[in-house]
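Visitor: This one is input_28.csv, CSV, C-alpha atoms and all ligand atoms.
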```
chain,number,residue,atom,x,y,z
Z,7,MET,CA,131.0,195.2,196.4
Z,8,GLN,CA,129.5,192.1,194.9
Z,9,ARG,CA,126.6,192.4,192.6
Z,10,LEU,CA,123.4,190.4,192.9
Z,11,LEU,CA,120.7,190.0,190.3
Z,12,VAL,CA,117.1,189.5,191.6
Z,13,THR,CA,114.8,188.3,188.8
Z,14,GLY,CA,111.2,189.3,189.3
Z,15,GLY,CA,112.3,192.3,191.4
Z,16,CYS,CA,108.8,193.7,191.4
Z,17,GLY,CA,107.2,190.5,192.7
Z,18,TYR,CA,106.2,189.8,196.2
Z,19,LEU,CA,109.4,188.0,197.2
Z,20,GLY,CA,111.6,189.9,194.7
Z,21,ARG,CA,110.7,193.3,196.3
Z,22,GLU,CA,111.7,192.1,199.7
Z,23,LEU,CA,115.0,190.8,198.4
Z,24,VAL,CA,115.7,194.1,196.7
Z,25,ARG,CA,115.0,195.9,200.0
Z,26,ARG,CA,117.1,193.7,202.2
Z,27,ALA,CA,120.1,192.7,200.0
Z,28,PRO,CA,122.1,196.0,200.4
Z,29,ALA,CA,122.3,195.6,204.2
Z,30,ARG,CA,123.9,192.2,203.4
Z,31,GLY,CA,126.6,193.9,201.3
Z,32,TRP,CA,125.1,193.4,197.9
Z,33,SER,CA,124.8,195.9,195.1
Z,34,VAL,CA,121.5,195.0,193.6
Z,35,ARG,CA,120.3,194.8,190.0
Z,36,ALA,CA,116.7,193.6,189.5
Z,37,THR,CA,114.6,192.7,186.5
Z,38,TRP,CA,111.1,194.0,185.9
Z,39,PHE,CA,108.8,193.0,183.1
Z,40,ARG,CA,105.2,194.3,183.1
Z,41,ARG,CA,104.8,195.9,186.5
Z,42,PRO,CA,106.9,199.1,186.7
Z,43,PRO,CA,109.7,199.0,189.2
Z,44,SER,CA,109.9,200.7,192.6
Z,45,GLY,CA,112.7,200.6,195.1
Z,46,ASP,CA,116.4,201.2,195.0
Z,47,ALA,CA,118.2,199.0,192.5
Z,48,GLU,CA,119.7,199.1,189.1
Z,49,TRP,CA,116.5,198.1,187.2
Z,50,VAL,CA,116.7,196.2,183.9
Z,51,ARG,CA,113.6,195.5,181.8
Z,52,ALA,CA,113.7,192.0,180.6
Z,53,ASP,CA,111.4,189.3,179.3
Z,54,LEU,CA,113.5,186.4,180.7
Z,55,ARG,CA,112.1,183.9,178.2
Z,56,ASP,CA,114.3,185.6,175.6
Z,57,PRO,CA,117.9,184.3,176.0
Z,58,GLU,CA,119.4,187.6,174.8
Z,59,GLU,CA,117.4,189.6,177.4
Z,60,ALA,CA,118.3,187.1,180.1
Z,61,SER,CA,121.9,187.4,179.1
Z,62,ARG,CA,121.8,191.2,179.3
Z,63,ALA,CA,120.2,191.0,182.8
Z,64,VAL,CA,122.9,188.6,184.1
Z,65,ASP,CA,125.9,190.3,182.5
Z,66,GLY,CA,128.4,191.4,185.2
Z,67,VAL,CA,126.7,190.1,188.3
Z,68,ASP,CA,128.2,187.6,190.8
Z,69,ALA,CA,125.1,185.9,192.0
Z,70,VAL,CA,121.4,185.4,191.0
Z,71,VAL,CA,118.3,184.7,192.9
Z,72,HIS,CA,115.7,183.6,190.3
Z,73,THR,CA,112.2,184.3,191.6
Z,74,ALA,CA,110.5,185.3,188.3
Z,75,TYR,CA,107.7,182.9,187.5
Z,76,ARG,CA,104.0,182.7,186.5
Z,77,GLN,CA,101.1,180.5,187.7
Z,78,GLY,CA,98.3,180.0,185.2
Z,79,GLU,CA,98.4,181.4,181.7
Z,80,GLY,CA,101.9,181.5,180.3
Z,81,GLU,CA,103.4,179.4,183.1
Z,82,TRP,CA,105.4,176.9,181.0
Z,83,GLY,CA,107.0,179.8,179.1
Z,84,ALA,CA,107.9,181.8,182.1
Z,85,ASN,CA,108.9,178.9,184.3
Z,86,VAL,CA,110.6,176.6,181.9
Z,87,ASP,CA,111.9,178.8,179.0
Z,88,GLY,CA,112.6,181.6,181.4
Z,89,THR,CA,114.6,179.4,183.8
Z,90,ARG,CA,116.5,177.8,181.0
Z,91,ALA,CA,117.5,181.2,179.7
Z,92,VAL,CA,118.5,182.6,183.1
Z,93,ALA,CA,120.3,179.5,184.3
Z,94,THR,CA,122.2,179.3,181.0
Z,95,ALA,CA,123.2,183.0,181.1
Z,96,ALA,CA,124.3,182.7,184.8
Z,97,ALA,CA,126.7,179.8,184.2
Z,98,GLY,CA,129.6,180.1,186.7
Z,99,ARG,CA,127.7,182.4,189.1
Z,100,ARG,CA,126.2,181.5,192.5
Z,101,PHE,CA,122.6,180.6,191.6
Z,102,VAL,CA,119.6,180.3,193.9
Z,103,HIS,CA,116.4,179.1,192.2
Z,104,LEU,CA,112.9,179.4,193.6
Z,105,SER,CA,110.7,176.4,193.4
Z,106,THR,CA,107.5,175.2,195.1
Z,107,ASP,CA,106.0,172.7,197.5
Z,108,LEU,CA,103.6,171.9,194.7
Z,109,VAL,CA,106.2,169.6,193.0
Z,110,PHE,CA,104.8,167.0,195.5
Z,111,ASP,CA,101.6,165.1,195.2
Z,112,GLY,CA,100.5,165.9,198.7
Z,113,THR,CA,99.5,162.4,199.7
Z,114,ARG,CA,101.9,162.3,202.6
Z,115,GLY,CA,103.1,165.7,203.8
Z,116,ARG,CA,106.2,166.7,205.8
Z,117,TYR,CA,108.2,166.3,202.6
Z,118,ARG,CA,112.0,166.1,202.8
Z,119,GLU,CA,114.5,167.0,200.0
Z,120,ASP,CA,115.0,163.4,199.0
Z,121,ASP,CA,111.3,162.6,198.6
Z,122,LEU,CA,110.2,161.9,195.1
Z,123,PRO,CA,108.4,164.9,193.4
Z,124,ALA,CA,105.2,164.0,191.6
Z,125,PRO,CA,103.2,167.1,190.8
Z,126,VAL,CA,99.5,166.8,190.3
Z,127,GLY,CA,99.0,170.1,188.4
Z,128,SER,CA,100.4,171.9,185.4
Z,129,TYR,CA,102.0,174.6,187.5
Z,130,GLY,CA,103.9,172.0,189.6
Z,131,ARG,CA,104.9,170.2,186.5
Z,132,SER,CA,106.4,173.3,185.0
Z,133,LYS,CA,108.3,174.1,188.2
Z,134,LEU,CA,109.6,170.5,188.3
Z,135,GLU,CA,110.9,170.8,184.8
Z,136,ALA,CA,112.5,174.1,185.8
Z,137,GLU,CA,114.2,172.3,188.7
Z,138,ARG,CA,115.4,169.6,186.3
Z,139,LEU,CA,116.9,172.2,184.0
Z,140,VAL,CA,118.6,174.1,186.9
Z,141,GLY,CA,120.1,170.8,188.1
Z,142,GLU,CA,121.5,170.1,184.6
Z,143,LEU,CA,122.7,173.6,183.8
Z,144,GLN,CA,123.8,174.7,187.2
Z,145,PRO,CA,124.8,171.6,189.3
Z,146,ALA,CA,126.0,173.8,192.2
Z,147,ALA,CA,122.8,175.8,192.4
Z,148,THR,CA,120.5,175.7,195.4
Z,149,ILE,CA,116.9,174.8,194.4
Z,150,VAL,CA,114.7,176.3,197.1
Z,151,ARG,CA,111.3,174.8,197.5
Z,152,THR,CA,109.0,177.1,199.5
Z,153,SER,CA,105.4,177.4,200.5
Z,154,LEU,CA,102.7,180.1,200.7
Z,155,ILE,CA,104.5,183.5,201.1
Z,156,TYR,CA,102.9,186.2,203.3
Z,157,GLY,CA,103.5,189.1,205.6
Z,158,GLY,CA,105.1,191.7,203.3
Z,159,ALA,CA,105.0,195.4,203.7
Z,160,GLU,CA,102.1,195.6,201.4
Z,161,PRO,CA,99.2,193.0,201.4
Z,162,GLY,CA,100.0,190.1,199.1
Z,163,PRO,CA,97.8,187.4,197.5
Z,164,GLN,CA,97.4,185.5,200.7
Z,165,GLU,CA,96.2,188.6,202.7
Z,166,ARG,CA,93.8,189.5,199.8
Z,167,LEU,CA,92.4,186.0,199.7
Z,168,ALA,CA,91.8,186.0,203.5
Z,169,GLN,CA,89.9,189.3,203.1
Z,170,GLU,CA,87.9,188.4,200.0
Z,171,GLY,CA,87.5,184.6,200.2
Z,172,THR,CA,84.5,182.9,201.6
Z,173,ARG,CA,85.4,179.2,201.4
Z,174,PHE,CA,88.7,177.7,202.5
Z,175,PHE,CA,90.0,174.1,202.5
Z,176,VAL,CA,90.2,172.5,205.9
Z,177,ASP,CA,92.2,169.6,204.7
Z,178,GLU,CA,94.8,171.3,202.4
Z,179,ILE,CA,98.0,171.7,204.4
Z,180,ARG,CA,100.9,174.0,203.7
Z,181,SER,CA,103.9,175.4,205.6
Z,182,PRO,CA,103.4,179.2,205.1
Z,183,VAL,CA,106.6,181.3,205.4
Z,184,GLN,CA,106.9,185.0,206.3
Z,185,VAL,CA,108.5,186.9,203.4
Z,186,THR,CA,111.2,188.7,205.4
Z,187,ASP,CA,112.2,185.3,206.9
Z,188,LEU,CA,112.4,183.8,203.5
Z,189,ALA,CA,114.3,186.7,202.0
Z,190,ASP,CA,116.9,186.7,204.8
Z,191,ALA,CA,117.3,182.9,204.4
Z,192,LEU,CA,117.9,183.3,200.7
Z,193,LEU,CA,120.4,186.1,201.2
Z,194,GLU,CA,122.2,183.9,203.8
Z,195,LEU,CA,122.1,181.0,201.4
Z,196,LEU,CA,124.0,183.0,198.8
Z,197,ARG,CA,127.1,182.7,200.9
Z,198,ILE,CA,126.7,179.0,201.5
Z,199,ASP,CA,127.6,176.0,199.3
Z,200,ALA,CA,124.4,174.0,199.3
Z,201,PRO,CA,123.8,172.3,196.0
Z,202,GLY,CA,120.4,170.7,195.1
Z,203,PRO,CA,117.0,171.0,196.6
Z,204,LEU,CA,116.5,172.7,200.0
Z,205,HIS,CA,113.1,173.2,201.7
Z,206,LEU,CA,112.4,176.6,203.1
Z,207,GLY,CA,108.9,176.4,204.7
Z,208,GLY,CA,107.7,178.0,207.9
Z,209,ALA,CA,107.8,175.8,211.0
Z,210,ASP,CA,104.0,175.3,211.3
Z,211,ASP,CA,101.8,173.2,209.1
Z,212,VAL,CA,98.5,175.0,208.7
Z,213,SER,CA,95.3,174.3,206.8
Z,214,ARG,CA,94.2,176.9,204.2
Z,215,PHE,CA,91.2,177.6,206.5
Z,216,ASP,CA,93.2,178.2,209.6
Z,217,PHE,CA,95.7,180.2,207.7
Z,218,ALA,CA,93.0,182.5,206.4
Z,219,VAL,CA,91.8,183.0,210.0
Z,220,LEU,CA,95.3,183.8,211.1
Z,221,LEU,CA,95.5,186.4,208.4
Z,222,GLY,CA,92.3,188.1,209.7
Z,223,ALA,CA,89.4,186.3,208.1
Z,224,ASP,CA,86.3,186.1,210.3
Z,225,ARG,CA,86.0,182.5,211.3
Z,226,ALA,CA,82.3,182.8,211.8
Z,227,ALA,CA,81.8,184.3,208.3
Z,228,ILE,CA,83.8,181.9,206.2
Z,229,GLU,CA,83.0,178.3,205.3
Z,230,GLY,CA,85.2,175.2,205.5
Z,231,ALA,CA,85.5,173.1,202.3
Z,232,ARG,CA,87.0,169.7,201.4
Z,233,THR,CA,89.8,169.8,198.9
Z,234,THR,CA,89.3,168.4,195.4
Z,235,PRO,CA,91.1,165.4,193.8
Z,236,GLU,CA,93.0,167.6,191.3
Z,237,ARG,CA,94.7,169.4,194.2
Z,238,ALA,CA,97.6,168.2,196.4
Z,239,PRO,CA,96.2,167.8,199.9
Z,240,ASP,CA,99.2,168.0,202.2
Z,241,VAL,CA,102.4,169.5,200.7
Z,242,SER,CA,103.8,170.6,204.1
Z,243,LEU,CA,107.6,170.8,204.0
Z,244,ASP,CA,110.1,169.4,206.4
Z,245,SER,CA,112.7,172.2,206.6
Z,246,SER,CA,115.0,170.7,209.2
Z,247,ARG,CA,118.0,170.7,206.8
Z,248,ALA,CA,117.6,174.4,206.4
Z,249,ALA,CA,117.4,174.8,210.1
Z,250,GLU,CA,120.8,173.1,210.4
Z,251,LEU,CA,122.4,175.1,207.6
Z,252,LEU,CA,121.1,178.6,208.3
Z,253,GLN,CA,121.0,181.0,211.2
Z,254,THR,CA,117.8,182.6,209.9
Z,255,ARG,CA,114.8,181.1,211.5
Z,256,LEU,CA,111.8,180.3,209.4
Z,257,ARG,CA,109.1,181.0,211.9
Z,258,GLY,CA,105.7,179.3,211.8
Z,259,ALA,CA,102.5,181.1,211.0
Z,260,TYR,CA,101.2,180.7,214.6
Z,261,GLU,CA,104.4,182.4,215.9
Z,262,VAL,CA,104.3,185.2,213.4
Z,263,LEU,CA,100.5,185.9,213.4
Z,264,GLY,CA,99.5,184.9,216.9
Z,265,SER,CA,97.9,181.8,218.1
Z,266,GLY,CA,94.5,182.5,216.6
Z,267,SER,CA,92.6,185.0,218.8
Z,268,ASN,CA,89.4,184.0,217.2
Z,269,GLY,CA,89.8,180.4,218.2
Z,270,ALA,CA,92.0,178.8,215.5
Z,271,PRO,CA,93.3,175.5,216.8
Z,272,ARG,CA,97.1,175.0,216.7
Z,273,ALA,CA,98.5,172.8,214.0
Z,274,THR,CA,101.3,170.4,214.5
Z,275,SER,CA,104.7,172.1,214.5
Z,276,SER,CA,107.8,170.5,212.9
Z,277,ARG,CA,110.2,172.0,215.4
S,1,LIG,N1,103.8,183.2,196.3
S,1,LIG,C1,103.8,182.0,196.9
S,1,LIG,O1,103.0,181.8,197.8
S,1,LIG,C2,104.8,181.0,196.5
S,1,LIG,C3,104.6,179.7,197.0
S,1,LIG,C4,105.6,178.7,196.6
S,1,LIG,C5,106.6,179.0,195.8
S,1,LIG,N2,106.7,180.3,195.3
S,1,LIG,C6,107.8,180.6,194.4
S,1,LIG,O2,108.4,181.8,194.8
S,1,LIG,C7,108.8,182.6,193.7
S,1,LIG,C8,108.4,184.1,193.9
S,1,LIG,O3,107.0,184.1,194.1
S,1,LIG,P1,106.3,185.6,194.2
S,1,LIG,O4,105.0,185.3,194.9
S,1,LIG,O5,107.2,186.6,194.7
S,1,LIG,O6,106.0,185.9,192.7
S,1,LIG,P2,105.2,187.2,192.0
S,1,LIG,O7,104.9,188.2,193.1
S,1,LIG,O8,104.1,186.7,191.2
S,1,LIG,O9,106.3,187.8,191.1
S,1,LIG,C9,106.8,187.1,190.0
S,1,LIG,C10,107.5,188.0,189.1
S,1,LIG,O10,108.0,187.3,187.9
S,1,LIG,C11,107.9,188.3,186.9
S,1,LIG,N3,107.9,187.5,185.6
S,1,LIG,C12,106.9,186.7,185.1
S,1,LIG,N4,107.2,186.3,183.9
S,1,LIG,C13,108.4,186.9,183.5
S,1,LIG,C14,109.1,187.0,182.3
S,1,LIG,N5,108.8,186.2,181.2
S,1,LIG,N6,110.2,187.8,182.3
S,1,LIG,C15,110.5,188.5,183.4
S,1,LIG,N7,109.9,188.5,184.5
S,1,LIG,C16,108.8,187.7,184.6
S,1,LIG,C17,106.7,189.1,187.1
S,1,LIG,O11,106.8,190.3,186.4
S,1,LIG,P3,105.4,191.1,186.0
S,1,LIG,O12,104.5,191.1,187.1
S,1,LIG,O13,106.0,192.5,185.6
S,1,LIG,O14,104.9,190.4,184.8
S,1,LIG,C18,106.7,189.2,188.6
S,1,LIG,O15,107.4,190.4,189.0
S,1,LIG,C19,108.3,181.9,192.5
S,1,LIG,O16,109.4,181.3,191.8
S,1,LIG,C20,107.3,180.9,193.0
S,1,LIG,O17,107.3,179.7,192.2
S,1,LIG,C21,105.8,181.3,195.6
```
Can I see the file as structure tokens?
Guide:
Amino acid sequence: MQRLLVTGGCGYLGRELVRRAPARGWSVRATWFRRPPSGDAEWVRADLRDPEEASRAVDGVDAVVHTAYRQGEGEWGANVDGTRAVATAAAGRRFVHLSTDLVFDGTRGRYREDDLPAPVGSYGRSKLEAERLVGELQPAATIVRTSLIYGGAEPGPQERLAQEGTRFFVDEIRSPVQVTDLADALLELLRIDAPGPLHLGGADDVSRFDFAVLLGADRAAIEGARTTPERAPDVSLDSSRAAELLQTRLRGAYEVLGSGSNGAPRATSSR
């Protein structure tokens, strides 16, 4: 049986990969760092910024899905140093790296893989630098850019925000993707040769406001707000290349969550 390493195995996406990979024929090893692990896997504690710990985590596996990251404090270390250490240690193995829609400046939307990244924030800059390192160290790797991840077995950051938030941007557009769709697509990708960037966003482009409503926020109780200049307004992803490559469908938020029983208008759909 082939062995897969999931970095960030206790994270929102990592947990789903750990759950779903055995059914796809993988024996799973996963890293944890601060949050204690749960779920069936061979767990390895590693601070992936440390090249020796990254090397120990990767030792003996055939493939790696690198989800570990941070946004906010410590993001450059986790995203750049961590990716450098993991990508270096994983030389010669199938490597799928997770990146973000926030490598784009959001002035246009419907971004394709060959569009020029130009991040407006420090998180996007750290992820773009990580992409550059992966391209250099692992030319055959797939660099997956994805969008807001939601819909896991346990409520995640998007679900919590919809419950707790009071103001949501009406003009910030994303392509949210359901976590099991994304995990299945990544596991399918492991068996496919697809070097370079690949966009894996959900099929519907949705404002942060409408997304919150789809996730259960009370439309009447929340407020719409205009986005600010330091944020990327429309980083929706064109994922048509993935649709051609993969059998896994990346469903849109309207399909997954319903068409907005409390009156959410439908956003434009890419396919
Ligand atoms: N979530 C989204 O909406 C979204 C949107 C676009 C792109 N993405 C991309 O998707 C990927 C996965 O996101 P996610 O939401 O599943 O992340 P998450 O839930 O925040 O999990 C990230 C994991 O990385 C681990 N980690 C952080 N620094 C580490 C280090 N130095 N060494 C080892 N592990 C470390 C964390 O461990 P501890 O918690 O134990 O510290 C955590 O388990 C990321 O690469 C992200 O850029 C996510």
Visitor: Counting only C-alpha atoms and all ligand atoms, what are the residues, protein, DNA or RNA alike, that approach ligand LIG 1 (chain S) to within 6 Å? I want them as a ChimeraX atom specification.
Guide: /Z:14-20,38-41,52-55,73-76,84,88,104-106,152-155
Visitor: Between Z:Gln77, Z:Ser44, Z:Ser181, Z:Thr186, single out the one closest to Leu206 of chain Z, counting all atoms listed in the file.
Guide: Z:Ser181
Visitor: Give me, please, the distance in Å between atom CA of Leu204 of chain Z and atom CA of Arg100 of chain Z, quoted to one decimal.
Guide: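 Spanning atom CA of Leu204 of chain Z to atom CA of Arg100 of chain Z is a straight-line distance of 15.1 Å.
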Visitor: Per residue of segment 48-155 of chain Z within 6 Å of segment 229-242 of chain Z, note the shortest atom pair and the distance in Å to one decimal, counting all atoms listed in the file, and order the rows by chain and increasing residue number, as a tab-separated table.
Guide:
```
residue	atom	partner	partner_atom	distance
Z:Asp107	CA	Z:Val241	CA	5.8
Z:Asp111	CA	Z:Ala238	CA	5.2
Z:Gly112	CA	Z:Asp240	CA	4.3
Z:Gly115	CA	Z:Asp240	CA	4.8
Z:Arg116	CA	Z:Ser242	CA	4.9
```
Visitor: Which polymer residues have any atom within 12 Å of an atom of Gly202 of chain Z, counting only C-alpha atoms, with same-chain residues fewer than 4 positions away left out, as a ChimeraX atom specification?
Guide: /Z:101-105,119-120,137-151,247
Visitor: With C-alpha atoms retained, export the selected residues as an mmCIF file, keeping the file's coordinate frame.
Guide:
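Writing the result to selection-v6.cif gives the following:
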```cif
data_model
loop_
_atom_site.group_PDB
_atom_site.id
_atom_site.type_symbol
_atom_site.label_atom_id
_atom_site.label_comp_id
_atom_site.auth_asym_id
_atom_site.auth_seq_id
_atom_site.Cartn_x
_atom_site.Cartn_y
_atom_site.Cartn_z
ATOM 1 C CA PHE Z 101 122.600 180.600 191.600
ATOM 2 C CA VAL Z 102 119.600 180.300 193.900
ATOM 3 C CA HIS Z 103 116.400 179.100 192.200
ATOM 4 C CA LEU Z 104 112.900 179.400 193.600
ATOM 5 C CA SER Z 105 110.700 176.400 193.400
ATOM 6 C CA GLU Z 119 114.500 167.000 200.000
ATOM 7 C CA ASP Z 120 115.000 163.400 199.000
ATOM 8 C CA GLU Z 137 114.200 172.300 188.700
ATOM 9 C CA ARG Z 138 115.400 169.600 186.300
ATOM 10 C CA LEU Z 139 116.900 172.200 184.000
ATOM 11 C CA VAL Z 140 118.600 174.100 186.900
ATOM 12 C CA GLY Z 141 120.100 170.800 188.100
ATOM 13 C CA GLU Z 142 121.500 170.100 184.600
ATOM 14 C CA LEU Z 143 122.700 173.600 183.800
ATOM 15 C CA GLN Z 144 123.800 174.700 187.200
ATOM 16 C CA PRO Z 145 124.800 171.600 189.300
ATOM 17 C CA ALA Z 146 126.000 173.800 192.200
ATOM 18 C CA ALA Z 147 122.800 175.800 192.400
ATOM 19 C CA THR Z 148 120.500 175.700 195.400
ATOM 20 C CA ILE Z 149 116.900 174.800 194.400
ATOM 21 C CA VAL Z 150 114.700 176.300 197.100
ATOM 22 C CA ARG Z 151 111.300 174.800 197.500
ATOM 23 C CA ARG Z 247 118.000 170.700 206.800
#
```
Visitor: Report, in Å with one decimal, the straight-line distance from atom CA of Gln164 of chain Z to atom CA of Val183 of chain Z.
Guide: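 Distance reported for this atom pair: 11.2 Å.
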Visitor: Figure out the distance between atom CA of Arg9 of chain Z and atom CA of Glu48 of chain Z, please, to one decimal in Å.
Guide: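 Computing the Euclidean distance for atom CA of Glu48 of chain Z and atom CA of Arg9 of chain Z yields 10.2 Å.
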Visitor: Around (108.6, 172.2, 188.1) in the file's frame, which residues reach within 9 Å when counting only C-alpha atoms? Return as a PyMOL selection string?
Guide: chain Z and resi 85-86+105-106+108-109+125+128-138
Visitor: How big is the axis-aligned box around the listed atoms of segment 186-194 of chain Z once 3 Å is added on each side, and where is its centre? Give both in Å to one decimal, as AutoDock Vina command-line options.
Guide:
```
--center_x 116.7 --center_y 185.8 --center_z 203.8 --size_x 17.0 --size_y 11.8 --size_z 12.2
```
Visitor: Go through Z:Arg99, Z:Arg255, Z:Arg166, Z:Arg118 and flag the residue nearest Gly222 of chain Z, using only C-alpha atoms for the distances.
Guide: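 For Gly222 of chain Z, the nearest of the candidates is Z:Arg166.
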Visitor: I'd like to know which of Z:Val219, Z:Ala159, Z:Ala60, Z:Ala97 is closest to Leu263 of chain Z, using all atoms listed in the file.
Guide: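 Closest residue, counting all atoms listed in the file: Z:Val219.
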